[in-house]
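**Student:** Right, I'll just put the structure down here and ask away after.
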Amino acid sequence: MFSSLRSTPAKTVTVTVNSQSVAAPEGQTVWATMALAGQLTTRKAALSGEDRSAFCAMGVCFECLVQIDGTPNQQACLRRVRDGMHIQTQDITETSKAPIQGIPE
Amino acid sequence: MTYDCVIVGAGPAGMSAAIELANAGARVLVLDRAPRAGGQIFRSAANSPLSDSGALGTDYTAGSKLIERFEASNAEHLSEADVWHVGEDGTVLYTQDGIPRTVQTREILLCPGAMERPMPIPGWTLPGVMTAGAAQVMLKSDAMVAERAIFAGSGPLLYLIVAQYLRLGVKVAALVDTTPRRNYLTSLPKVPGALRSWPMMFKGLGMMREIASSGIPVFKGASNLRVLGQDMATGLEFGCREQQRVMSNHVFLHHGVIPHSNISRSLGLSHIWNAAQHCWQVQTDAWGQSSVPHVSVAGDGAGIIGADAAQSAGRLTALNILKRLGRLTPAERDRKASEDHAVLAKMAPFRAFIDQLYGPSKCLCLPQQADTIVCRCEERRLQDLKEGFEQGARDPNALKSLTRCGMGPCQGRQCGPIVSSLLADWRQEPEAQVGYYRLRSPQRLLSLEELSRFQSRPRGGAE
């Protein structure tokens with residue numbers, strides 16, 4: 001279990017993580033916000049579709065790619081929460097079809 | 001407008017270089033991905049979310065002094081600026097607040113820092129498995145800790161995070177130390193040299209004592225590590241006299257750090273294999289100058305030296321850049337540099353001792369089982385690579401083309417070092433002969449939408 005030792009209660013913002021509403025200190029990383037909410041799966045592995053989670057937390061492993069406000073491939077460990085942000089586990093795999101705006105499937 | 005020098009990375013080397021350059025009147029811009037300067041080692045040192053950051057140690061809290069000096073200097077600093085291309089022509093492309101921009105510079109100084117050496121053991125892709133560096137980053141930037149975690153591997157950084165957890169009252173399930181017992185013997189001849197840096201030695205010994213007296217389970221000389229679990233980590237299995245199992249949903253791995261070379265590789269700079277540190281590093285002279293004269297590299301990104309030495313290296317590199325810019329004569333450069341050269345020479349024997357004592361075990365650098373994942377992004381396993389090798393892919397690029405190993409979003413940052421060493425092992429030739437992936441910009445995933453927001457007008461340029 002992840003927990004926070006943050007002492008000074010900073011100004012909080014509200015975001016959603018896979019539709020769960022979560023309060024988070026302003027400036028907290030997206031990854032920490034997910035982890036503290038108990039949502040550890042950042043993306044699905046490209047082939048097997050297995051769950052993956054943040055690994056390096058410093059931007060080099062690209063395991064924490066999530067979808068933020070509809071944009072995929074965002075590194076959760078580098079991005080910071082903003083009020084109203086929608087964070088989603090990224091489920092793009094080899095077999096998923098890319099939704100292209102304006103072009104019917 | 002063209003900058004005299006653009007520095008990529010605001011860690012100890014980048015900040016120290018920036019201060020030196022700015023004080024000499026050069027126009028310097030520092031681009032860094034973090035919200036505040038400090039690099040990984042001094043991350044949030046000047047604005048810790050912890051009530052008592054003293055638990056992280058005096059080396060860490062002292063970082064705030066350097067950060068404040070840097071922030072007070074005339075160096076321009078763009079935070080949360082993510083550099084994704086550095087060109088030999090002096091063009092640097094980065095994105096800040098979602099907008100890609102460009103700057104021009106005469107001199108380029110890369111201070112990319114270190115990353116952790118990949119540790120491809122069975123189960124290392126399971127959620128719950130992270131690196132010890134990750135544990136530290138999470139603690140420093142978000143005051144986030146994992147209760148009852150297992151720390152496994154070897155090296156000062158691993159012991160440091162365990163000690164920090166213990167000081168903060170965070171329960172630790174176990175320290176599984178993979179340092180081979182013979183290393184304590186083979187490193188003995190380097191002890192006298194290392195004692196020249198006796199405060200570092202004492203600090204290290206003090207940390208080990210802190211861990212030993214805490215009463216947490218410590219397994220020494222562990223081998224054959226395997227993370228247990230199906231959908232997430234549930235524990236760690238390893239050999240230590242007999243088969244052992246420790247259960248936990250958090251496993252933090254570490255066996256040393258290596259230079260983060262993706263930008264220097266993409267720039268086509270020459271790289272060499274450092275056998276003592278068992279990693280690739282960019283080739284530089286004593287002034288941090290690379291194979292391309294107007295590109296320099298300083299700090300851990302040019303070969304692992306640690307945060308203290310990185311500050312000296314940053315200043316030395318800056319002095320040489322000032323010489324190249326015509327702001328210092330060679331004699332002035334040499335005179336100003338003598339102290340930092342001496343500091344580096346004094347620290348080198350300590351580093352050599354640490355390299356010997358915590359040199360990575362071959363069985364942790366190379367996957368030992370056919371189904372162990374090597375390329376985390378493309379899910380390529382040892383058996384896939386072996387098959388590619390047997391089909392004739394004898395160098396990293398051929399293997400990449402044939403198997404897709406290294407083609408994923410991390411651009412080989414994780415599998416690259418493993419692939420070099422695997423091929424060296426299979427070919428029975430040194431890594432230097434085998435080579436590394438050929439890399440290209442951009443340094444990260446870049447969407448067309450992001451690119452479409454490109455601001456071609458250089459920052460600070462004429463309307």
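Ligands are numbered from 1 in the order shown, chains are lettered A, B, ... in the order of the structure tokens, and residues start at 1 in each chain.
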Find the spatial neighbours of Val257 in chain B, counting only C-alpha atoms, within a cut-off of 8 Å - ignore same-chain residues fewer than 5 positions away - and output them as a PyMOL selection string.
**Tutor:** chain B and resi 114-117+304
**Student:** With N, CA, C and O atoms retained, write the just-selected residues as a tab-separated table (two decimals), in the first residue's frame.
**Tutor:**
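And here is the file that came out, result_0.tsv:
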chain	number	residue	atom	x	y	z
B	114	ALA	N	21.77	10.33	-14.54
B	114	ALA	CA	21.85	8.87	-14.55
B	114	ALA	C	20.46	8.26	-14.56
B	114	ALA	O	19.47	8.93	-14.27
B	115	MET	N	20.40	7.01	-14.92
B	115	MET	CA	19.19	6.21	-14.74
B	115	MET	C	19.63	4.87	-14.14
B	115	MET	O	20.82	4.57	-14.11
B	116	GLU	N	18.68	4.11	-13.65
B	116	GLU	CA	19.08	2.86	-13.03
B	116	GLU	C	19.35	1.77	-14.05
B	116	GLU	O	18.69	1.69	-15.09
B	117	ARG	N	20.34	0.95	-13.74
B	117	ARG	CA	20.69	-0.16	-14.62
B	117	ARG	C	19.52	-1.15	-14.63
B	117	ARG	O	19.03	-1.55	-13.56
B	304	ILE	N	29.46	7.75	-14.45
B	304	ILE	CA	28.96	7.91	-13.08
B	304	ILE	C	30.05	8.42	-12.13
B	304	ILE	O	31.10	7.78	-11.96
**Student:** With 8 Å as the cut-off and only C-alpha atoms counted, what is the closest atom pair between each nearby residue of chain A and chain B? Distances in Å to one decimal, ordered by chain and number, as CSV.
**Tutor:**
residue,atom,partner,partner_atom,distance
A:Met1,CA,B:Ala146,CA,5.6
A:Phe2,CA,B:Ala146,CA,4.4
A:Ser3,CA,B:Val145,CA,5.5
A:Ser4,CA,B:Met144,CA,4.4
A:Leu5,CA,B:Ala143,CA,5.1
A:Arg6,CA,B:Ala143,CA,5.2
A:Ser7,CA,B:Ser51,CA,5.2
A:Thr8,CA,B:Pro49,CA,7.0
A:Gln28,CA,B:Asp142,CA,6.2
A:Thr29,CA,B:Asp142,CA,7.2
A:Ala32,CA,B:Asp142,CA,6.8
A:Leu40,CA,B:Pro127,CA,7.1
A:Thr41,CA,B:Pro127,CA,7.0
A:Ala45,CA,B:Cys377,CA,7.2
A:Ala46,CA,B:Glu378,CA,6.6
A:Leu47,CA,B:Glu379,CA,6.9
A:Ser48,CA,B:Glu379,CA,8.0
A:Glu50,CA,B:Asp231,CA,7.5
A:Asp51,CA,B:Pro127,CA,6.8
A:Arg52,CA,B:Pro127,CA,5.4
A:Ser53,CA,B:Pro127,CA,4.8
A:Ala54,CA,B:Met130,CA,7.0
A:Phe55,CA,B:Met130,CA,4.3
A:Cys56,CA,B:Ala134,CA,4.9
A:Ala57,CA,B:Ala134,CA,4.9
A:Met58,CA,B:Ala134,CA,6.8
A:Val60,CA,B:Cys410,CA,6.5
A:Cys61,CA,B:Cys410,CA,5.5
A:Phe62,CA,B:Cys410,CA,5.4
A:Glu63,CA,B:Cys377,CA,7.7
A:Asn73,CA,B:Leu445,CA,7.2
A:Leu78,CA,B:Ala34,CA,7.9
**Student:** Could you please write out, as a ChimeraX atom specification, every residue of chain A that DSSP assigns to helix (DSSP H, G or I)?
**Tutor:** /A:30-36
**Student:** Can you list, as a PyMOL selection string, every protein, DNA or RNA residue that comes within 9 Å of Cys240 in chain B when you count only C-alpha atoms, leaving out same-chain residues fewer than 6 positions away?
**Tutor:** chain B and resi 219-224
**Student:** If we count only C-alpha atoms and set the cut-off at 12 Å, which residues sit around Pro72 in chain A, ignoring sequence neighbours fewer than 2 positions away in its own chain? Please answer as number ranges by chain.
**Tutor:** A: 42-43, 64-70, 74-76, 86-93, 98-99; B: 445-447, 449-450
**Student:** Select, from B:Ala62, B:Leu357, B:Ile99, B:Leu422, the residue with the minimum atom-to-atom distance to Pro12 in chain B, counting only C-alpha atoms.
**Tutor:**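 When distances to Pro12 in chain B are compared using only C-alpha atoms, the smallest one comes from B:Ala62.
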**Student:** DSSP on the backbone, then: every residue of range 75-208 of chain B marked strand (DSSP E), written as a ChimeraX atom specification.
**Tutor:** /B:76-78,81-86,91-96,99-110,114-116,129-131,144-146,149-154,172-177
**Student:** Could you check the closest approach to Thr14 in chain A for each of A:Gly59, A:Val30, A:Ala35, A:Gly84 and tell me which residue wins, using only C-alpha atoms?
**Tutor:** A:Gly84
**Student:** List as a list in words the protein and nucleic acid residues near Phe238 in chain B, meaning an atom at most 9 Å away when only C-alpha atoms are counted, but skip any in the same chain fewer than 6 places from it.
**Tutor:**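 In the requested format, the answer is Val176, Ala222, Ser223, Asn224, Leu225, Arg226, Val227, Gln244, Arg245 and Val246 of chain B.
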**Student:** Write the residues you've just listed into a file as a compact mmCIF listing (two decimals), in the first residue's frame, and include N, CA, C and O atoms for each of them.
**Tutor:**
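And here's selection35.txt as it stands now:
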# COMPACT_ATOMS: atom_id res chain seq x y z
N VAL B 176 17.15 -7.46 0.53
CA VAL B 176 17.73 -8.65 -0.09
C VAL B 176 18.96 -8.19 -0.87
O VAL B 176 18.85 -7.58 -1.92
N ALA B 222 22.40 -12.81 -1.71
CA ALA B 222 21.23 -13.44 -2.34
C ALA B 222 21.44 -13.57 -3.85
O ALA B 222 22.14 -12.77 -4.47
N SER B 223 20.82 -14.61 -4.41
CA SER B 223 20.92 -14.82 -5.86
C SER B 223 19.63 -15.44 -6.38
O SER B 223 18.73 -15.76 -5.59
N ASN B 224 19.55 -15.63 -7.69
CA ASN B 224 18.38 -16.24 -8.34
C ASN B 224 17.06 -15.58 -7.93
O ASN B 224 16.14 -16.25 -7.45
N LEU B 225 17.00 -14.28 -8.11
CA LEU B 225 15.80 -13.54 -7.72
C LEU B 225 14.65 -13.80 -8.71
O LEU B 225 14.88 -13.86 -9.91
N ARG B 226 13.46 -13.92 -8.15
CA ARG B 226 12.26 -14.06 -8.98
C ARG B 226 11.11 -13.36 -8.26
O ARG B 226 10.85 -13.63 -7.09
N VAL B 227 10.43 -12.47 -8.99
CA VAL B 227 9.27 -11.82 -8.39
C VAL B 227 8.09 -12.76 -8.51
O VAL B 227 7.83 -13.31 -9.59
N GLN B 244 14.48 -18.89 -0.28
CA GLN B 244 13.77 -18.00 0.64
C GLN B 244 12.59 -17.36 -0.08
O GLN B 244 12.62 -17.18 -1.30
N ARG B 245 11.61 -16.97 0.70
CA ARG B 245 10.46 -16.24 0.17
C ARG B 245 10.10 -15.13 1.12
O ARG B 245 9.94 -15.37 2.32
N VAL B 246 9.95 -13.93 0.61
CA VAL B 246 9.42 -12.83 1.41
C VAL B 246 8.20 -12.31 0.65
O VAL B 246 8.26 -12.11 -0.56
